[in-house]
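Worksheet: one structure, shown below.
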Amino acid sequence: MSLRRSTRMSMYEDHTEVHPTDDQSSFFAKGRDFESRYVNHSYTEQEKEVLASYESVDYLPPHSHVYRNWLRQQPARLEWDRWVMMGIIGFTIGFIGFLLHQLIDLISDFKWEYAEDLIMNDKLAEAWAFVTGFSLGVVIIGSALVVFFRPSAAGSGLPELIGYLNGALVRHIFNIKTLIVKFFSCACAVSSGLPVGPEGPMIHMGSLVGAGLSQFRSMTLGFSLPFFERFRNPEDRRNFISAGSAAGVASAFGAPVGGLLFAMEEVSSFWSMKLSWQVFFSCMVSTVTTDLFNSAFSSFRYTGQFGLFKADKYILFQVRNGLDVNIIMFIPTVIIGIIGGLLGALFVFSNLKLARIRRALIARIRTPLMQKFFRLLEPCVIIVIMSTGTIFLPAAFDCSPYTCYYRGEVTASENNLSPQCLDPNETVGYTEESVSHYTCPEGFTNGTFSNQTFSQVATLLFGTGEEAIHHLFSRETHWEFTYGPLLTVLLFYFILACWSCGPSISAGLVVPMLYIGALYGRVIGLTMVSMFGVMDAEQDEYWAWMDPGAFALIGAASFFGGVSRLTMSLTVIMIEITNDVQFLLPIMVAIMTAKWVGDLFTHPLYHALLEVKCIPFLDSEPVIMHAKKNINLELFTARQAMAFPPVMVHPRESVRHLAQLLIDTGHGGYPMVPKSNDPEKANKFMGIITRVEIEILLMNDQLFETTVQESDLEPEVNPLDYQKLQLIEKVKDSDPINGLIESFAENPMYDNIYLNMGPYVNHSAASIPESFSLHRTYIIFRTLGLRHLTVVNGQNQVIGIITRKDLMGFQMEEKLGPLLEQGQGNVDDIITPRYVEMSQNTSHIQAEDRLIEPELRQRAW
């Protein structure tokens with residue numbers, strides 16, 4: 001009983017990070033971290049246990065009698081309140097985005113202004129001590145909040161968000177405590193100087209706001225307001241979460257259209273045209289709110305001109321000087337795309353390996369306190385390395401003059417300066433005024449002469465990542481950065497950025513991805529300039545496109561695409577954050593090339609992290625391979641993927657029987673069938689009732705009946721309201737429930753006490769015939785956002801059930817593999833009676849395996 005009890009308890013426990021220790025695969029093992037986009041991930045046995053511990057949730061609410069009664073009590077389905085809620089969500093997220101960026105700028109500006117004063121006075125040791133000590137203190141605060149108060153706030157939160165919106169229940173990611181910890185931890189991480197960005201956490205915080213505000217209640221704070229009650233159902237809640245995530249992108253990037261497309265392409269699994277309009281409205285409100293407050297404040301200091309949307313503030317990486325695109329430009333663009341795909345795949349692979357190494361190290365630590373200390377220590381080590389490199393790496397390079405090279409010039413010395421480069425309004429090739437001097441002599445500018453110098457590496461490393469990207473994107477600054485500094489910073493930043501996205505601190509990867517891509521893009525652009533020289537548009541318009549800043553933009557898009565494999569949304573985001581519409585086609589080419597190349601080596605980053613975290617996820621299209629060939633699922637049937645024999649319940653059962661059923665099985669739902677001695681009427685499918693609903697019904701003894709007569713399956717007044725059944729994510733303490741259920745099972749008195757479950761069964765639960773196409777089964781399951789899909793025979797009798805985990809790629813390959821091997825791989829014969837018999841035999845063997853290790857299937861139904 002203890003095993004079943006632990007199985008049952010797992011559904012209520014927080015999904016803290018579990019550390020499987022049975023990974024014996026080689027470093028480059030296929031099907032693990034180094035795997036093509038078209039190869040399913042393979043899981044170890046312990047990872048399958050973690051995978052099985054996740055509940056699934058339905059997209060649509062259960063269509064039961066109590067639900068219909070609850071709907072009758074709700075106001076008429078007007079749409080104005082939904083638009084109002086979208087506006088409230090957008091405004092709230094926009095204001096949070098404003099507060100977050102102001103706080104980051106305040107901390108970062110204070111640190112670097114003081115540090116640069118020390119450096120300019122040749123106090124490098126003091127500057128290092130200050131930067132390291134200050135950054136270390138900020139990181140400790142940000143990491144301690146996550147480690148000790150809310151582990152679910154770690155990282156960007158995007159894998160968990162994607163998994164939840166796909167139908168997997170990930171606990172505590174939509175809690176107000178998570179929102180508060182996420183906000184301050186992210187501010188600490190970015191302002192400390194870690195190679196991370198705030199965009200990923202902003203998306204998670206947006207979804208948190210959407211989940212909380214739409215319900216107008218909080219179990220944590222203990223209140224429930226009588227407003228917008230009709231949104232308290234899984235469908236509306238998930239739609240508002242999608243809107244919140246999109247508004248988070250819009251606020252973080254100033255990209256409302258990109259936010260809409262990002263939510264549609266990457267985050268949400270269920271979409272409609274009506275939802276698109278509402279999400280677009282929320283994104284618009286979010287962007288306007290953030291830009292409105294940012295227009296008048298800088299580091300929380302009021303600067304005036306409230307409501308004046310200056311391009312420098314509301315366009316994140318404003319490109320001031322547009323360039324015309326040349327067809328020849330697509331040659332280096334494709335090369336940059338290939339590099340982006342290769343480096344993106346390397347970044348994903350390295351990230352996953354670091355995650356597994358981190359997990360293995362933590363698994364060796366036995367005491368929880370020491371595990372927390374290890375989690376706290378890791379970001380501290382990273383920031384010490386980052387701070388040390390930031391302060392001392394610039395010293396390894398000579399100072400650079402505020403001058404540039406023209407054709408015919410080989411060097412820039414005191415006798416060969418280029419005074420024309422001092423005026424950015426007249427010619428190309430100038431140096432920005434905002435570069436960092438580090439320890440270089442500032443010099444002076446007298447008319448057209450200048451002997452000022454600056455440090456290239458310090459310019460790239462001092463300040464936030466966004467400031468460095470501004471420098472890399474700058475146009476007509478052909479010689480501001482040279483090969484040595486660019487390649488050095490690229491290697492340094494790539495390693496630390498890859499390491500920084502896994503520790504226990506709230507941080508995102510968008511800024512590092514843009515930064516890394518801009519670095520190697522600038523290198524390619526510099527190579528073009530070195531080979532063909534600097535071309536001014538006035539001198540030769542046909543070749544003026546060879547600008548390192550232009551290629552930095554293309555490189556940033558390519559690396560972002562190579563890591564995330566986004567296409568439409570990424571293209572629009574890059575245009576919105578740079579305002580460079582002229583480079584739309586090169587950006588598209590680079591992104592698509594990077595995606596195609598990256599897909600050959602690894603899965604997209606966020607999907608790969610879902611696999612590492614063992615969160616069940618159904619992709620838009622199933623990919624099933626056998627003997628290195630893609631298998632057409634249209635040749636298979638639902639019967640060959642279903643789990644059986646099913647455990648069924650009748651509308652009216654004894655309390656003791658139900659309690660024993662919950663103890664003996666770990667299923668998440670049970671098909672309901674009528675009670676009949678007639679074989680033709682028995683097992684007729686009536687609907688589905690979930691495990692949580694049965695447990696909640698058992699907790700309410702006022703529903704118990706002692707009469708042997710059948711009660712009304714659809715009474716006009718229900719003793720238990722629909723809202724009380726929606727506790728699947730709210731039950732905190734499982735011990736009282738477990739104790740109550742065990743007391744029911746042990747007391748013979750409850751053999752004669754009954755529970756009428758008829759009013760609570762989902763009558764609109766989907767079912768399919770056993771001969772239904774497996775490919776179409778997958779489409780129906782994912783499109784409708786199902787948790788259970790019942791399989792019936794020709795007489796509508798229940799013969800099996802399909803859940804999310806039955807349709808995962810590795811599971812279908814395990815089930816269908818023996819069929820293909822016995823048939824010598826001839827899938828054309830799969831519909832013959834011989835294969836049906838083999839399918840039954842294979843399923844019986846798998847059923848016996850589940851009885852041997854039931855925990856692997858504890859959340860199957």
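Ordering of the structure tokens sets the chain letters (A, B, ...), residue numbers begin anew at 1 in every chain, and ligands are numbered from 1 in the order given.
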
- Please identify which residues in region 27-65 of chain A DSSP calls alpha helix (DSSP H) from the backbone, and express them as a PyMOL selection string. chain A and resi 45-52+65

Could you write those residues out with C-alpha atoms, as a short mmCIF file (atom, residue, chain, number, x, y, z; two decimals), in the first residue's frame?
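Listing of result-v1.cif after writing:
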```cif
data_model
loop_
_atom_site.label_atom_id
_atom_site.label_comp_id
_atom_site.auth_asym_id
_atom_site.auth_seq_id
_atom_site.Cartn_x
_atom_site.Cartn_y
_atom_site.Cartn_z
CA GLU A 45 14.14 4.65 -16.56
CA GLN A 46 14.47 7.18 -13.75
CA GLU A 47 13.66 10.00 -16.15
CA LYS A 48 10.53 8.12 -17.19
CA GLU A 49 9.50 8.06 -13.54
CA VAL A 50 9.86 11.83 -13.35
CA LEU A 51 7.99 12.17 -16.64
CA ALA A 52 5.16 10.02 -15.30
CA HIS A 65 -24.21 18.60 -14.98
#
```

- Task: Using only C-alpha atoms, determine which residues lie at most 7 Å from region 340-344 of chain A, disregarding the query and same-chain residues fewer than 5 positions distant; provide the list as a PyMOL selection string.
- Result: chain A and resi 555+558-559+562-563+594-595+597-598

- Message: Using Å and a single decimal, report how far CA of Tyr493 (chain A) sits from CA of Met513 (chain A).
- Response: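 Interatomic distance here is 10.1 Å.
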
- Task: Can you pull out every residue within 8 Å of region 609-615 of chain A, counting only C-alpha atoms, but drop anything in the same chain fewer than 4 positions away, and send it as a ChimeraX atom specification?
- Result: /A:17,41,47-48,50-51,54,159-160,163,168,352,355-356,605

- Task: Can you list, as number ranges by chain, all residues belonging to region 109-330 of chain A that DSSP tags as strand (DSSP E)?
- Result: A: 168-169, 217-218, 223-224, 297-298, 301-302

List every residue of region 67-105 of chain A that has an atom at most 10 Å from any atom of region 183-197 of chain A, and for each one report the closest atom pair and its distance in Å to one decimal, counting only C-alpha atoms, with rows sorted by chain and then by increasing residue number, as a tab-separated table.
```
residue	atom	partner	partner_atom	distance
A:Ile96	CA	A:Phe183	CA	8.4
A:Gly97	CA	A:Phe183	CA	9.4
A:Leu99	CA	A:Phe183	CA	9.3
A:Leu100	CA	A:Ala187	CA	6.3
A:His101	CA	A:Ala187	CA	7.9
A:Gln102	CA	A:Ala187	CA	9.3
A:Leu103	CA	A:Ala187	CA	6.6
A:Ile104	CA	A:Ser191	CA	5.0
A:Asp105	CA	A:Ser191	CA	7.1
```

- Message: Can you pull out the residues contacting Val267 (chain A)? Cut-off 8 Å, using only C-alpha atoms, and skip same-chain residues under 4 positions away; I want them as a PyMOL selection string.
- Response: chain A and resi 158+161-162+165+242+245+262-263

Next, write the just-selected residues to a file, as a PDB file, in the first residue's frame, keeping C-alpha atoms as the atom set.
```pdb
ATOM      1  CA  LEU A 158       9.886  29.544 -20.519  1.00  0.00           C
ATOM      2  CA  LEU A 161       5.371  27.908 -19.325  1.00  0.00           C
ATOM      3  CA  ILE A 162       5.477  26.140 -22.692  1.00  0.00           C
ATOM      4  CA  LEU A 165       0.242  25.683 -22.053  1.00  0.00           C
ATOM      5  CA  SER A 242      -1.054  33.192 -23.342  1.00  0.00           C
ATOM      6  CA  SER A 245       3.194  35.959 -22.044  1.00  0.00           C
ATOM      7  CA  PHE A 262       5.916  34.745 -30.260  1.00  0.00           C
ATOM      8  CA  ALA A 263       2.996  33.526 -28.161  1.00  0.00           C
TER       9      ALA A 263
END
```

- Message: If we count only C-alpha atoms and set the cut-off at 12 Å, which residues sit around Ala154 (chain A), ignoring sequence neighbours fewer than 3 positions away in its own chain? Please answer as a count of residues only.
- Response: 42

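Around Ser569 (chain A), within 9 Å and counting only C-alpha atoms, the residues found are Val257, Gly258, Gly259, Leu260, Leu261, Phe262, Ala263, Met264, Glu265, Glu266, Leu566, Thr567, Thr571, Val572, Ile573 and Met574 of chain A, once anything fewer than 2 positions away on its own chain is removed.
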
Dump of N, CA, C and O atoms for the selected residues, as an mmCIF file, in the first residue's frame:
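Wrote again-v9.cif, looks like this:
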```cif
data_model
loop_
_atom_site.group_PDB
_atom_site.id
_atom_site.type_symbol
_atom_site.label_atom_id
_atom_site.label_comp_id
_atom_site.auth_asym_id
_atom_site.auth_seq_id
_atom_site.Cartn_x
_atom_site.Cartn_y
_atom_site.Cartn_z
ATOM 1 N N VAL A 257 3.672 43.399 -32.095
ATOM 2 C CA VAL A 257 3.374 42.377 -33.106
ATOM 3 C C VAL A 257 4.253 41.147 -32.870
ATOM 4 O O VAL A 257 3.798 40.003 -32.980
ATOM 5 N N GLY A 258 5.508 41.375 -32.537
ATOM 6 C CA GLY A 258 6.393 40.258 -32.225
ATOM 7 C C GLY A 258 5.909 39.473 -31.023
ATOM 8 O O GLY A 258 6.041 38.251 -30.986
ATOM 9 N N GLY A 259 5.351 40.162 -30.024
ATOM 10 C CA GLY A 259 4.808 39.461 -28.865
ATOM 11 C C GLY A 259 3.665 38.547 -29.235
ATOM 12 O O GLY A 259 3.577 37.408 -28.761
ATOM 13 N N LEU A 260 2.770 39.048 -30.069
ATOM 14 C CA LEU A 260 1.646 38.223 -30.531
ATOM 15 C C LEU A 260 2.149 36.987 -31.268
ATOM 16 O O LEU A 260 1.710 35.858 -30.989
ATOM 17 N N LEU A 261 3.075 37.180 -32.198
ATOM 18 C CA LEU A 261 3.582 36.054 -32.986
ATOM 19 C C LEU A 261 4.400 35.091 -32.129
ATOM 20 O O LEU A 261 4.379 33.877 -32.357
ATOM 21 N N PHE A 262 5.130 35.610 -31.133
ATOM 22 C CA PHE A 262 5.916 34.745 -30.260
ATOM 23 C C PHE A 262 5.000 33.817 -29.470
ATOM 24 O O PHE A 262 5.271 32.615 -29.359
ATOM 25 N N ALA A 263 3.931 34.367 -28.915
ATOM 26 C CA ALA A 263 2.996 33.526 -28.161
ATOM 27 C C ALA A 263 2.351 32.488 -29.070
ATOM 28 O O ALA A 263 2.164 31.334 -28.673
ATOM 29 N N MET A 264 2.045 32.871 -30.289
ATOM 30 C CA MET A 264 1.384 31.957 -31.210
ATOM 31 C C MET A 264 2.340 30.884 -31.719
ATOM 32 O O MET A 264 1.969 29.714 -31.846
ATOM 33 N N GLU A 265 3.604 31.242 -31.965
ATOM 34 C CA GLU A 265 4.547 30.310 -32.573
ATOM 35 C C GLU A 265 5.230 29.410 -31.553
ATOM 36 O O GLU A 265 5.442 28.222 -31.816
ATOM 37 N N GLU A 266 5.581 29.950 -30.395
ATOM 38 C CA GLU A 266 6.431 29.214 -29.474
ATOM 39 C C GLU A 266 5.740 28.808 -28.183
ATOM 40 O O GLU A 266 5.924 27.706 -27.689
ATOM 41 N N LEU A 566 13.091 29.889 -33.766
ATOM 42 C CA LEU A 566 11.934 30.706 -34.108
ATOM 43 C C LEU A 566 12.123 31.286 -35.507
ATOM 44 O O LEU A 566 13.245 31.483 -35.963
ATOM 45 N N THR A 567 11.029 31.580 -36.164
ATOM 46 C CA THR A 567 11.121 32.132 -37.523
ATOM 47 C C THR A 567 10.299 33.418 -37.658
ATOM 48 O O THR A 567 10.850 34.512 -37.641
ATOM 49 N N THR A 571 11.707 37.212 -36.737
ATOM 50 C CA THR A 571 11.902 38.196 -37.807
ATOM 51 C C THR A 571 11.225 39.514 -37.462
ATOM 52 O O THR A 571 11.827 40.592 -37.570
ATOM 53 N N VAL A 572 9.977 39.441 -37.008
ATOM 54 C CA VAL A 572 9.243 40.662 -36.676
ATOM 55 C C VAL A 572 9.867 41.354 -35.472
ATOM 56 O O VAL A 572 9.983 42.589 -35.433
ATOM 57 N N ILE A 573 10.287 40.590 -34.461
ATOM 58 C CA ILE A 573 10.915 41.183 -33.279
ATOM 59 C C ILE A 573 12.182 41.924 -33.672
ATOM 60 O O ILE A 573 12.437 43.054 -33.209
ATOM 61 N N MET A 574 13.013 41.317 -34.527
ATOM 62 C CA MET A 574 14.251 41.979 -34.936
ATOM 63 C C MET A 574 13.977 43.281 -35.688
ATOM 64 O O MET A 574 14.711 44.264 -35.530
#
```

- Message: Show me, as JSON, numbers by chain, the residues that have an atom within 10 Å of Thr220 (chain A) when counting only C-alpha atoms, minus same-chain residues fewer than 3 positions from it.
- Response: {"A": [175, 176, 177, 217, 223, 730]}

- Message: One number please: CA of Asn351 (chain A) to CA of Cys498 (chain A), in Å, one decimal.
- Response: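 Answer for the CA of Asn351 (chain A) to CA of Cys498 (chain A) separation: 5.6 Å.
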
- Message: What does the structure give for the distance between CA of Phe330 (chain A) and CA of Leu472 (chain A), in Å to one decimal?
- Response: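 Here the two named atoms are 20.2 Å from each other.
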